[in-house]
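What follows is the content of entry_8.csv (CSV, C-alpha atoms).
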```
chain,number,residue,atom,x,y,z
A,1,MET,CA,121.3,27.9,27.7
A,2,GLY,CA,122.9,25.5,25.2
A,3,GLU,CA,123.0,25.0,21.5
A,4,GLU,CA,120.0,23.8,19.6
A,5,LYS,CA,120.1,20.0,19.4
A,6,ALA,CA,116.7,19.1,17.8
A,7,PRO,CA,113.9,20.9,16.1
A,8,ALA,CA,111.5,22.7,18.4
A,9,ARG,CA,108.4,20.6,19.3
A,10,ASP,CA,105.0,22.2,18.7
A,11,ARG,CA,102.6,22.7,21.6
A,12,ALA,CA,100.6,19.5,20.9
A,13,VAL,CA,103.7,17.3,21.0
A,14,ARG,CA,104.9,19.0,24.2
A,15,LYS,CA,101.6,18.4,25.9
A,16,ALA,CA,101.7,14.7,25.0
A,17,ASP,CA,105.3,14.6,26.3
A,18,VAL,CA,104.3,16.3,29.5
A,19,LEU,CA,101.4,13.8,30.0
A,20,THR,CA,103.7,10.9,29.4
A,21,ARG,CA,106.2,12.2,32.0
A,22,LEU,CA,103.4,12.8,34.5
A,23,GLU,CA,102.4,9.1,34.0
A,24,GLN,CA,105.9,7.7,34.1
A,25,ASP,CA,108.2,9.9,36.1
A,26,VAL,CA,108.8,8.9,39.8
A,27,ASP,CA,110.0,12.1,41.5
A,28,ALA,CA,109.6,15.8,41.2
A,29,TRP,CA,111.2,18.9,42.7
A,30,VAL,CA,108.7,20.8,44.9
A,31,SER,CA,109.4,24.5,45.6
A,32,THR,CA,107.3,26.0,48.4
A,33,ALA,CA,107.5,29.1,50.6
A,34,GLY,CA,107.0,29.2,54.4
A,35,ALA,CA,104.9,31.5,56.6
A,36,ASP,CA,108.2,33.3,57.1
A,37,GLY,CA,108.3,34.1,53.4
A,38,LEU,CA,111.5,32.0,52.8
A,39,PRO,CA,111.9,29.4,50.1
A,40,TYR,CA,112.2,25.6,50.5
A,41,LEU,CA,112.9,22.9,47.9
A,42,MET,CA,112.7,19.1,48.3
A,43,PRO,CA,112.3,16.1,45.9
A,44,LEU,CA,109.2,14.0,46.5
A,45,SER,CA,107.8,11.0,44.7
A,46,PHE,CA,104.4,11.5,43.0
A,47,VAL,CA,101.6,9.8,41.2
A,48,TRP,CA,99.5,11.6,38.6
A,49,PHE,CA,95.8,10.9,39.4
A,50,GLY,CA,92.7,12.9,38.9
A,51,GLU,CA,94.5,15.8,37.2
A,52,ARG,CA,96.7,16.2,40.3
A,53,LEU,CA,100.2,15.3,41.4
A,54,VAL,CA,99.8,13.3,44.6
A,55,MET,CA,102.7,13.1,47.0
A,56,THR,CA,103.2,12.3,50.7
A,57,THR,CA,105.5,13.5,53.4
A,58,ARG,CA,105.5,13.9,57.1
A,59,ALA,CA,102.9,16.5,58.1
A,60,ALA,CA,105.5,18.2,60.2
A,61,ASN,CA,108.0,18.6,57.3
A,62,PRO,CA,108.5,22.0,55.8
A,63,THR,CA,106.9,21.1,52.4
A,64,ALA,CA,103.7,20.1,54.1
A,65,ARG,CA,103.7,23.1,56.5
A,66,ASN,CA,104.3,25.5,53.6
A,67,VAL,CA,101.5,24.0,51.6
A,68,ARG,CA,99.2,24.5,54.6
A,69,ALA,CA,100.5,28.1,54.9
A,70,ASN,CA,99.7,29.4,51.5
A,71,GLY,CA,98.4,26.6,49.2
A,72,ARG,CA,100.9,27.3,46.4
A,73,ALA,CA,103.9,25.4,44.9
A,74,TYR,CA,106.1,25.1,41.9
A,75,VAL,CA,106.8,21.6,40.7
A,76,SER,CA,109.4,20.5,38.2
A,77,LEU,CA,109.9,17.1,36.7
A,78,GLY,CA,113.5,16.2,36.8
A,79,HIS,CA,115.9,17.7,34.4
A,80,THR,CA,117.0,21.2,33.5
A,81,ARG,CA,117.3,20.3,29.8
A,82,ASP,CA,113.9,18.7,29.5
A,83,VAL,CA,111.9,21.2,31.6
A,84,VAL,CA,108.4,20.5,32.8
A,85,LEU,CA,107.6,23.4,35.1
A,86,ILE,CA,104.3,23.4,36.8
A,87,GLU,CA,102.7,26.1,39.0
A,88,ALA,CA,100.1,24.5,41.2
A,89,GLU,CA,97.4,25.1,43.8
A,90,ALA,CA,98.4,22.8,46.6
A,91,GLU,CA,96.5,21.3,49.5
A,92,SER,CA,97.6,19.1,52.4
A,93,VAL,CA,95.2,16.2,53.3
A,94,PRO,CA,95.7,14.3,56.6
A,95,SER,CA,96.4,10.6,55.9
A,96,GLY,CA,93.1,9.6,57.4
A,97,GLU,CA,91.1,11.9,55.2
A,98,LEU,CA,92.5,10.9,51.8
A,99,PRO,CA,89.8,9.7,49.3
A,100,ALA,CA,90.2,6.0,48.9
A,101,ALA,CA,90.8,6.2,45.1
A,102,VAL,CA,93.7,8.6,45.5
A,103,GLY,CA,95.3,6.5,48.2
A,104,GLU,CA,95.0,3.4,46.0
A,105,ALA,CA,96.6,5.2,43.1
A,106,PHE,CA,99.5,6.2,45.2
A,107,VAL,CA,100.1,2.8,46.7
A,108,GLY,CA,99.6,1.2,43.3
A,109,LYS,CA,102.7,3.1,42.0
A,110,PHE,CA,104.9,2.8,45.1
A,111,THR,CA,105.8,-0.1,47.4
A,112,TRP,CA,105.3,1.8,50.6
A,113,ASP,CA,102.1,2.7,52.3
A,114,VAL,CA,101.7,5.5,54.9
A,115,ARG,CA,97.9,5.8,54.6
A,116,ALA,CA,97.4,4.5,58.2
A,117,ASP,CA,100.2,6.6,59.7
A,118,PRO,CA,98.8,9.8,61.2
A,119,ALA,CA,102.3,11.4,61.1
A,120,TYR,CA,101.9,11.7,57.3
A,121,ALA,CA,100.0,14.0,55.1
A,122,PHE,CA,99.2,13.7,51.4
A,123,LEU,CA,99.8,16.7,49.2
A,124,LEU,CA,97.6,17.3,46.2
A,125,PHE,CA,98.9,19.7,43.5
A,126,ARG,CA,96.5,20.9,40.8
A,127,PRO,CA,98.4,22.5,37.9
A,128,VAL,CA,97.3,26.0,37.0
A,129,SER,CA,100.2,26.8,34.7
A,130,VAL,CA,102.5,24.4,32.7
A,131,ARG,CA,105.5,25.3,30.7
A,132,ALA,CA,107.8,22.8,28.9
A,133,TRP,CA,111.0,23.4,27.0
A,134,ARG,CA,114.3,21.7,26.2
A,135,GLU,CA,116.7,24.2,24.7
A,136,VAL,CA,116.7,27.8,23.6
A,137,ASN,CA,114.8,27.1,20.4
A,138,GLU,CA,111.9,25.9,22.5
A,139,LEU,CA,111.4,29.0,24.6
A,140,PRO,CA,108.7,30.3,22.2
A,141,GLU,CA,105.5,28.4,22.7
A,142,ARG,CA,106.7,27.0,26.1
A,143,GLU,CA,103.4,27.9,27.8
A,144,LEU,CA,101.0,24.9,27.6
A,145,MET,CA,98.5,25.7,30.3
A,146,ARG,CA,97.3,29.0,31.7
A,147,ASP,CA,94.9,29.6,34.5
A,148,GLY,CA,94.3,25.8,34.7
A,149,VAL,CA,93.3,25.4,31.1
A,150,TRP,CA,95.4,23.6,28.5
A,151,LEU,CA,96.2,25.9,25.5
A,152,VAL,CA,96.3,23.0,23.2
B,1,MET,CA,112.2,6.5,47.3
B,2,GLY,CA,113.6,3.6,45.4
B,3,GLU,CA,115.5,0.4,46.2
B,4,GLU,CA,119.1,0.4,47.2
B,5,LYS,CA,121.3,0.3,44.1
B,6,ALA,CA,124.8,0.9,45.4
B,7,PRO,CA,126.5,1.1,48.8
B,8,ALA,CA,126.1,4.4,50.6
B,9,ARG,CA,128.9,6.8,50.1
B,10,ASP,CA,130.6,8.2,53.1
B,11,ARG,CA,130.6,12.0,53.7
B,12,ALA,CA,134.1,12.5,52.3
B,13,VAL,CA,133.2,10.9,49.0
B,14,ARG,CA,129.9,12.8,48.8
B,15,LYS,CA,131.7,16.1,49.3
B,16,ALA,CA,134.2,15.3,46.5
B,17,ASP,CA,131.2,14.3,44.3
B,18,VAL,CA,129.4,17.6,45.2
B,19,LEU,CA,132.5,19.6,44.3
B,20,THR,CA,132.9,17.8,41.0
B,21,ARG,CA,129.3,18.6,40.1
B,22,LEU,CA,129.7,22.2,41.1
B,23,GLU,CA,132.6,22.4,38.7
B,24,GLN,CA,131.0,20.4,35.9
B,25,ASP,CA,127.3,20.8,35.9
B,26,VAL,CA,125.7,23.5,33.7
B,27,ASP,CA,122.3,24.2,35.2
B,28,ALA,CA,120.6,24.2,38.6
B,29,TRP,CA,117.0,24.6,39.9
B,30,VAL,CA,116.7,27.7,41.9
B,31,SER,CA,113.8,28.0,44.4
B,32,THR,CA,113.0,31.4,45.8
B,33,ALA,CA,110.1,33.1,47.5
B,34,GLY,CA,108.6,36.5,46.7
B,35,ALA,CA,107.8,39.5,48.8
B,36,ASP,CA,104.2,38.1,48.7
B,37,GLY,CA,105.4,34.9,50.4
B,38,LEU,CA,104.8,32.7,47.4
B,39,PRO,CA,107.2,30.2,45.9
B,40,TYR,CA,109.0,30.4,42.5
B,41,LEU,CA,111.2,27.9,40.7
B,42,MET,CA,113.3,28.3,37.6
B,43,PRO,CA,116.4,26.6,36.1
B,44,LEU,CA,119.4,28.8,35.6
B,45,SER,CA,122.9,28.1,34.3
B,46,PHE,CA,125.7,28.6,36.8
B,47,VAL,CA,129.5,28.7,37.4
B,48,TRP,CA,131.1,27.8,40.7
B,49,PHE,CA,133.5,30.5,41.6
B,50,GLY,CA,134.8,31.9,44.8
B,51,GLU,CA,132.7,29.5,46.9
B,52,ARG,CA,129.6,30.8,45.2
B,53,LEU,CA,127.2,29.7,42.5
B,54,VAL,CA,127.1,32.6,40.1
B,55,MET,CA,124.1,32.9,37.8
B,56,THR,CA,122.5,35.6,35.7
B,57,THR,CA,119.0,36.5,34.7
B,58,ARG,CA,117.0,39.7,33.9
B,59,ALA,CA,116.9,41.9,36.9
B,60,ALA,CA,113.1,42.2,36.5
B,61,ASN,CA,112.6,38.4,36.5
B,62,PRO,CA,111.0,36.8,39.6
B,63,THR,CA,114.1,35.0,40.7
B,64,ALA,CA,116.2,38.2,40.8
B,65,ARG,CA,113.3,40.1,42.5
B,66,ASN,CA,112.9,37.4,45.1
B,67,VAL,CA,116.6,37.3,45.9
B,68,ARG,CA,116.5,41.1,46.4
B,69,ALA,CA,113.4,40.7,48.7
B,70,ASN,CA,114.8,38.2,51.2
B,71,GLY,CA,118.3,37.1,50.2
B,72,ARG,CA,117.6,33.4,50.4
B,73,ALA,CA,117.4,30.5,48.0
B,74,TYR,CA,117.5,26.7,47.7
B,75,VAL,CA,119.5,25.4,44.8
B,76,SER,CA,119.5,21.8,43.5
B,77,LEU,CA,121.8,20.3,41.0
B,78,GLY,CA,119.7,18.4,38.5
B,79,HIS,CA,118.5,15.1,39.4
B,80,THR,CA,116.1,13.7,42.0
B,81,ARG,CA,118.1,10.5,42.3
B,82,ASP,CA,121.5,12.2,42.7
B,83,VAL,CA,120.4,15.0,45.0
B,84,VAL,CA,122.7,17.9,45.7
B,85,LEU,CA,120.5,20.3,47.7
B,86,ILE,CA,122.0,23.6,48.8
B,87,GLU,CA,120.5,26.2,51.0
B,88,ALA,CA,122.1,29.5,50.2
B,89,GLU,CA,122.4,33.2,51.1
B,90,ALA,CA,121.8,35.0,47.9
B,91,GLU,CA,122.5,38.5,46.6
B,92,SER,CA,121.7,40.2,43.3
B,93,VAL,CA,124.5,42.3,41.8
B,94,PRO,CA,123.7,44.7,38.9
B,95,SER,CA,125.6,43.8,35.8
B,96,GLY,CA,127.7,46.9,36.0
B,97,GLU,CA,128.8,46.2,39.6
B,98,LEU,CA,130.0,42.7,39.2
B,99,PRO,CA,133.7,42.1,40.3
B,100,ALA,CA,135.7,41.5,37.1
B,101,ALA,CA,137.0,38.1,38.2
B,102,VAL,CA,133.4,36.8,38.7
B,103,GLY,CA,132.3,38.0,35.4
B,104,GLU,CA,135.3,36.5,33.6
B,105,ALA,CA,134.6,33.2,35.3
B,106,PHE,CA,131.0,33.3,34.1
B,107,VAL,CA,131.9,34.2,30.5
B,108,GLY,CA,134.6,31.6,30.5
B,109,LYS,CA,132.1,28.9,31.0
B,110,PHE,CA,129.3,30.1,28.8
B,111,THR,CA,129.3,31.5,25.3
B,112,TRP,CA,127.0,34.5,26.0
B,113,ASP,CA,127.9,37.7,27.8
B,114,VAL,CA,125.4,40.0,29.4
B,115,ARG,CA,127.9,41.9,31.5
B,116,ALA,CA,127.3,45.1,29.5
B,117,ASP,CA,123.5,44.8,29.5
B,118,PRO,CA,121.9,46.8,32.4
B,119,ALA,CA,118.7,44.8,32.1
B,120,TYR,CA,120.6,41.8,33.7
B,121,ALA,CA,121.6,41.1,37.2
B,122,PHE,CA,124.1,38.5,38.5
B,123,LEU,CA,123.0,36.3,41.4
B,124,LEU,CA,125.6,35.0,43.8
B,125,PHE,CA,124.6,32.1,46.0
B,126,ARG,CA,126.8,31.3,49.0
B,127,PRO,CA,126.0,27.8,50.4
B,128,VAL,CA,125.1,27.6,54.1
B,129,SER,CA,123.8,24.1,54.1
B,130,VAL,CA,124.6,21.2,51.7
B,131,ARG,CA,122.9,17.8,51.6
B,132,ALA,CA,123.6,15.0,49.1
B,133,TRP,CA,122.0,11.6,48.7
B,134,ARG,CA,121.1,9.2,46.0
B,135,GLU,CA,118.8,6.5,47.4
B,136,VAL,CA,117.2,5.7,50.8
B,137,ASN,CA,120.4,4.1,52.0
B,138,GLU,CA,122.1,7.4,51.8
B,139,LEU,CA,119.7,9.4,53.9
B,140,PRO,CA,121.9,9.0,56.9
B,141,GLU,CA,125.0,11.3,56.7
B,142,ARG,CA,123.4,13.4,54.0
B,143,GLU,CA,124.3,16.6,55.7
B,144,LEU,CA,127.7,17.8,54.4
B,145,MET,CA,127.7,21.5,55.3
B,146,ARG,CA,126.0,23.3,58.2
B,147,ASP,CA,126.0,27.0,58.9
B,148,GLY,CA,128.4,27.5,56.1
B,149,VAL,CA,131.0,25.0,57.4
B,150,TRP,CA,131.8,21.7,55.7
B,151,LEU,CA,131.3,18.9,58.1
B,152,VAL,CA,134.0,16.8,56.4
```
In structure tokens, write the structure found in this file.
Amino acid sequence: MGEEKAPARDRAVRKADVLTRLEQDVDAWVSTAGADGLPYLMPLSFVWFGERLVMTTRAANPTARNVRANGRAYVSLGHTRDVVLIEAEAESVPSGELPAAVGEAFVGKFTWDVRADPAYAFLLFRPVSVRAWREVNELPERELMRDGVWLV
Amino acid sequence: MGEEKAPARDRAVRKADVLTRLEQDVDAWVSTAGADGLPYLMPLSFVWFGERLVMTTRAANPTARNVRANGRAYVSLGHTRDVVLIEAEAESVPSGELPAAVGEAFVGKFTWDVRADPAYAFLLFRPVSVRAWREVNELPERELMRDGVWLV
């Protein structure tokens, strides 16, 4: 952990910053675990829609397989010095079964469209815990959501 | 995935860039899985020493517990648009059993020292696979190490 560079943000400011990053960021790190109990990590692009991070990858890829195995993931937005760390319930939806509004939100953010490709699955991540901190001085009050409920 | 912004680097350049980041970066995302088969993700500071990423955390924290459970991790260095993604064999070493040279390397990079604190463990990550890419044009040739052997 580094030196303190700025005053610690209160929880309300952090929640606003998290929501801004959910709207504006492009990619996230997605940590999953396989049926064999071993970890996996991969960056995927996402759109924040309907209180979920929506991503897509090939249904045969480890991230999609792991989501189908246990329905859990950790997602982080980008940087280790501006941490947004999300524990999520995750589900994999075949491309042909995606609700139209979700698909339109995804295609509206990105230039590519795999909705008609049966090799792809969409992954929906519903946050159940959210923590955000920048430096050591922000470790207190880093918990912003618990059991799916915002604390602020 | 974004638009192409620069020519794709060849494997030799990528390996050099990876080694530079292993020397200079401060933090990494560490993805592990628990004995319950569920994923976990946390950023930790590291030093690159003896062909291993060396980190420390409380021995009771999930990352340390998970390493002890299955000896595997994925580690990523920072950014989703300059990916260095490392699959690693991992071991947890109690603070009192750390080889002196490893401990000195860690303390030499950071200002804090938990070597005498029995509540802490040191985690050693030996890369077995390394992939590096920036944008879509770098997806070919992203594999730089396989089965613990550099391909270039």
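For the set A:Glu135, A:Glu87, A:Glu143, A:Asp117, the residue with the smallest atom-to-atom gap to A:Ser31 is A:Glu87, counting only C-alpha atoms.
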Legend entry - Residue neighbourhood stretch 9-16 of chain A, 10 Å, all atoms listed in the file, exclusion window fewer than 3 positions, as an MDAnalysis selection string: chainID A and resid 6 19:22 84 130:134 137:138 140:145 150:152
Which residues of chain A sit at most 10 Å from chain B, using all atoms listed in the file? Give each one's shortest atom pair and distance in Å (one decimal place), in chain and ascending residue order, as a Markdown table.
```
| residue | atom | partner | partner_atom | distance |
| --- | --- | --- | --- | --- |
| A:Met1 | CA | B:Ser45 | CA | 6.8 |
| A:Gly2 | CA | B:Phe110 | CA | 8.7 |
| A:Glu3 | CA | B:Thr111 | CA | 9.8 |
| A:Val26 | CA | B:Met1 | CA | 8.6 |
| A:Asp27 | CA | B:Thr80 | CA | 6.3 |
| A:Ala28 | CA | B:Thr80 | CA | 6.9 |
| A:Trp29 | CA | B:Thr80 | CA | 7.2 |
| A:Val30 | CA | B:Leu41 | CA | 8.6 |
| A:Ser31 | CA | B:Ser31 | CA | 5.7 |
| A:Thr32 | CA | B:Pro39 | CA | 4.9 |
| A:Ala33 | CA | B:Pro39 | CA | 4.8 |
| A:Gly34 | CA | B:Gly37 | CA | 7.1 |
| A:Ala35 | CA | B:Gly37 | CA | 7.1 |
| A:Asp36 | CA | B:Gly37 | CA | 7.4 |
| A:Gly37 | CA | B:Gly37 | CA | 4.2 |
| A:Leu38 | CA | B:Ala33 | CA | 5.6 |
| A:Pro39 | CA | B:Ala33 | CA | 4.9 |
| A:Tyr40 | CA | B:Tyr74 | CA | 6.1 |
| A:Leu41 | CA | B:Tyr74 | CA | 6.0 |
| A:Met42 | CA | B:Leu85 | CA | 7.9 |
| A:Pro43 | CA | B:Thr80 | CA | 6.0 |
| A:Leu44 | CA | B:Met1 | CA | 8.1 |
| A:Ser45 | CA | B:Met1 | CA | 6.8 |
| A:Asn66 | CA | B:Pro39 | CA | 9.5 |
| A:Ala69 | CA | B:Gly37 | CA | 9.5 |
| A:Asn70 | CA | B:Leu38 | CA | 7.3 |
| A:Gly71 | CA | B:Leu38 | CA | 9.0 |
| A:Arg72 | CA | B:Leu38 | CA | 6.7 |
| A:Ala73 | CA | B:Pro39 | CA | 5.9 |
| A:Tyr74 | CA | B:Leu41 | CA | 5.9 |
| A:Val75 | CA | B:Leu41 | CA | 7.7 |
| A:Ser76 | CA | B:Leu41 | CA | 8.0 |
| A:Leu77 | CA | B:Thr80 | CA | 8.8 |
| A:Gly78 | CA | B:His79 | CA | 5.7 |
| A:His79 | CA | B:Gly78 | CA | 5.6 |
| A:Thr80 | CA | B:Pro43 | CA | 6.0 |
| A:Arg81 | CA | B:Asp27 | CA | 8.3 |
| A:Val83 | CA | B:Pro43 | CA | 8.3 |
| A:Leu85 | CA | B:Met42 | CA | 7.9 |
| A:Ile86 | CA | B:Leu41 | CA | 9.1 |
| A:Glu87 | CA | B:Tyr40 | CA | 8.4 |
| A:Phe110 | CA | B:Met1 | CA | 8.5 |
| A:Thr111 | CA | B:Gly2 | CA | 8.9 |
| A:Trp112 | CA | B:Met1 | CA | 9.0 |
```
Would you write out those residues with C-alpha atoms, as a PDB file, in the coordinates of the input?
```
ATOM      1  CA  MET A   1     121.300  27.900  27.700  1.00  0.00           C
ATOM      2  CA  GLY A   2     122.900  25.500  25.200  1.00  0.00           C
ATOM      3  CA  GLU A   3     123.000  25.000  21.500  1.00  0.00           C
ATOM      4  CA  VAL A  26     108.800   8.900  39.800  1.00  0.00           C
ATOM      5  CA  ASP A  27     110.000  12.100  41.500  1.00  0.00           C
ATOM      6  CA  ALA A  28     109.600  15.800  41.200  1.00  0.00           C
ATOM      7  CA  TRP A  29     111.200  18.900  42.700  1.00  0.00           C
ATOM      8  CA  VAL A  30     108.700  20.800  44.900  1.00  0.00           C
ATOM      9  CA  SER A  31     109.400  24.500  45.600  1.00  0.00           C
ATOM     10  CA  THR A  32     107.300  26.000  48.400  1.00  0.00           C
ATOM     11  CA  ALA A  33     107.500  29.100  50.600  1.00  0.00           C
ATOM     12  CA  GLY A  34     107.000  29.200  54.400  1.00  0.00           C
ATOM     13  CA  ALA A  35     104.900  31.500  56.600  1.00  0.00           C
ATOM     14  CA  ASP A  36     108.200  33.300  57.100  1.00  0.00           C
ATOM     15  CA  GLY A  37     108.300  34.100  53.400  1.00  0.00           C
ATOM     16  CA  LEU A  38     111.500  32.000  52.800  1.00  0.00           C
ATOM     17  CA  PRO A  39     111.900  29.400  50.100  1.00  0.00           C
ATOM     18  CA  TYR A  40     112.200  25.600  50.500  1.00  0.00           C
ATOM     19  CA  LEU A  41     112.900  22.900  47.900  1.00  0.00           C
ATOM     20  CA  MET A  42     112.700  19.100  48.300  1.00  0.00           C
ATOM     21  CA  PRO A  43     112.300  16.100  45.900  1.00  0.00           C
ATOM     22  CA  LEU A  44     109.200  14.000  46.500  1.00  0.00           C
ATOM     23  CA  SER A  45     107.800  11.000  44.700  1.00  0.00           C
ATOM     24  CA  ASN A  66     104.300  25.500  53.600  1.00  0.00           C
ATOM     25  CA  ALA A  69     100.500  28.100  54.900  1.00  0.00           C
ATOM     26  CA  ASN A  70      99.700  29.400  51.500  1.00  0.00           C
ATOM     27  CA  GLY A  71      98.400  26.600  49.200  1.00  0.00           C
ATOM     28  CA  ARG A  72     100.900  27.300  46.400  1.00  0.00           C
ATOM     29  CA  ALA A  73     103.900  25.400  44.900  1.00  0.00           C
ATOM     30  CA  TYR A  74     106.100  25.100  41.900  1.00  0.00           C
ATOM     31  CA  VAL A  75     106.800  21.600  40.700  1.00  0.00           C
ATOM     32  CA  SER A  76     109.400  20.500  38.200  1.00  0.00           C
ATOM     33  CA  LEU A  77     109.900  17.100  36.700  1.00  0.00           C
ATOM     34  CA  GLY A  78     113.500  16.200  36.800  1.00  0.00           C
ATOM     35  CA  HIS A  79     115.900  17.700  34.400  1.00  0.00           C
ATOM     36  CA  THR A  80     117.000  21.200  33.500  1.00  0.00           C
ATOM     37  CA  ARG A  81     117.300  20.300  29.800  1.00  0.00           C
ATOM     38  CA  VAL A  83     111.900  21.200  31.600  1.00  0.00           C
ATOM     39  CA  LEU A  85     107.600  23.400  35.100  1.00  0.00           C
ATOM     40  CA  ILE A  86     104.300  23.400  36.800  1.00  0.00           C
ATOM     41  CA  GLU A  87     102.700  26.100  39.000  1.00  0.00           C
ATOM     42  CA  PHE A 110     104.900   2.800  45.100  1.00  0.00           C
ATOM     43  CA  THR A 111     105.800  -0.100  47.400  1.00  0.00           C
ATOM     44  CA  TRP A 112     105.300   1.800  50.600  1.00  0.00           C
TER      45      TRP A 112
END
```
At a cut-off of 9 Å, using all atoms listed in the file, what residues contact A:Trp48? Leave out same-chain residues fewer than 2 positions from it and give the result as a compact mmCIF listing (two decimals) with C-alpha atoms, in the coordinates of the input.
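Result went into selection_9.txt, see below:
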```txt
# COMPACT_ATOMS: atom_id res chain seq x y z
CA LEU A 22 103.40 12.80 34.50
CA GLU A 23 102.40 9.10 34.00
CA GLN A 24 105.90 7.70 34.10
CA PHE A 46 104.40 11.50 43.00
CA GLY A 50 92.70 12.90 38.90
CA GLU A 51 94.50 15.80 37.20
CA ARG A 52 96.70 16.20 40.30
CA LEU A 53 100.20 15.30 41.40
CA VAL A 54 99.80 13.30 44.60
CA ALA A 105 96.60 5.20 43.10
CA PHE A 106 99.50 6.20 45.20
```
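Going from atom CA of B:Gly148 to atom CA of B:Pro62 covers 25.7 Å.
In this model, the gap between atom CA of B:Val149 and atom CA of B:Pro7 comes to 25.8 Å.
Here atom CA of B:Ala116 is placed at a distance of 13.0 Å from atom CA of B:Thr57.
For the residues A:Pro127, A:Leu98, A:Phe122, A:Thr56, ranking by smallest atom-to-atom distance to A:Val18 using only C-alpha atoms places A:Pro127 first.
Closest approach to B:Val114 among B:Thr63, B:Ser95, B:Asp82, B:Ala100 is made by B:Ser95 (distances from only C-alpha atoms).
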Can stretch 45-63 of chain A be brought up to N, CA and C atoms and written out as a tab-separated table (two decimals), in the coordinates of the input?
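And here's part.tsv as it stands now:
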```tsv
chain	number	residue	atom	x	y	z
A	45	SER	N	108.38	11.86	45.69
A	45	SER	CA	107.80	11.00	44.70
A	45	SER	C	106.32	11.34	44.48
A	46	PHE	N	105.82	11.06	43.28
A	46	PHE	CA	104.40	11.50	43.00
A	46	PHE	C	103.76	10.44	42.08
A	47	VAL	N	102.42	10.45	42.16
A	47	VAL	CA	101.60	9.80	41.20
A	47	VAL	C	100.64	10.82	40.59
A	48	TRP	N	100.40	10.72	39.28
A	48	TRP	CA	99.50	11.60	38.60
A	48	TRP	C	98.11	10.97	38.57
A	49	PHE	N	97.17	11.55	39.31
A	49	PHE	CA	95.80	10.90	39.40
A	49	PHE	C	94.81	12.03	39.57
A	50	GLY	N	93.73	11.92	38.82
A	50	GLY	CA	92.70	12.90	38.90
A	50	GLY	C	93.10	14.31	38.62
A	51	GLU	N	93.99	14.46	37.63
A	51	GLU	CA	94.50	15.80	37.20
A	51	GLU	C	95.31	16.46	38.32
A	52	ARG	N	95.82	15.65	39.23
A	52	ARG	CA	96.70	16.20	40.30
A	52	ARG	C	97.92	15.34	40.47
A	53	LEU	N	99.02	16.01	40.85
A	53	LEU	CA	100.20	15.30	41.40
A	53	LEU	C	99.93	15.01	42.83
A	54	VAL	N	100.02	13.74	43.20
A	54	VAL	CA	99.80	13.30	44.60
A	54	VAL	C	101.10	12.88	45.19
A	55	MET	N	101.43	13.46	46.33
A	55	MET	CA	102.70	13.10	47.00
A	55	MET	C	102.39	12.93	48.49
A	56	THR	N	103.36	12.42	49.22
A	56	THR	CA	103.20	12.30	50.70
A	56	THR	C	104.49	12.64	51.37
A	57	THR	N	104.36	13.24	52.53
A	57	THR	CA	105.50	13.50	53.40
A	57	THR	C	105.02	13.66	54.79
A	58	ARG	N	105.94	13.71	55.73
A	58	ARG	CA	105.50	13.90	57.10
A	58	ARG	C	104.78	15.24	57.26
A	59	ALA	N	103.69	15.25	57.95
A	59	ALA	CA	102.90	16.50	58.10
A	59	ALA	C	103.70	17.60	58.75
A	60	ALA	N	104.72	17.23	59.53
A	60	ALA	CA	105.50	18.20	60.20
A	60	ALA	C	106.69	18.74	59.35
A	61	ASN	N	106.91	18.15	58.16
A	61	ASN	CA	108.00	18.60	57.30
A	61	ASN	C	107.71	19.95	56.68
A	62	PRO	N	108.77	20.71	56.34
A	62	PRO	CA	108.50	22.00	55.80
A	62	PRO	C	107.63	22.06	54.56
A	63	THR	N	107.76	21.10	53.64
A	63	THR	CA	106.90	21.10	52.40
A	63	THR	C	105.45	21.10	52.81
```
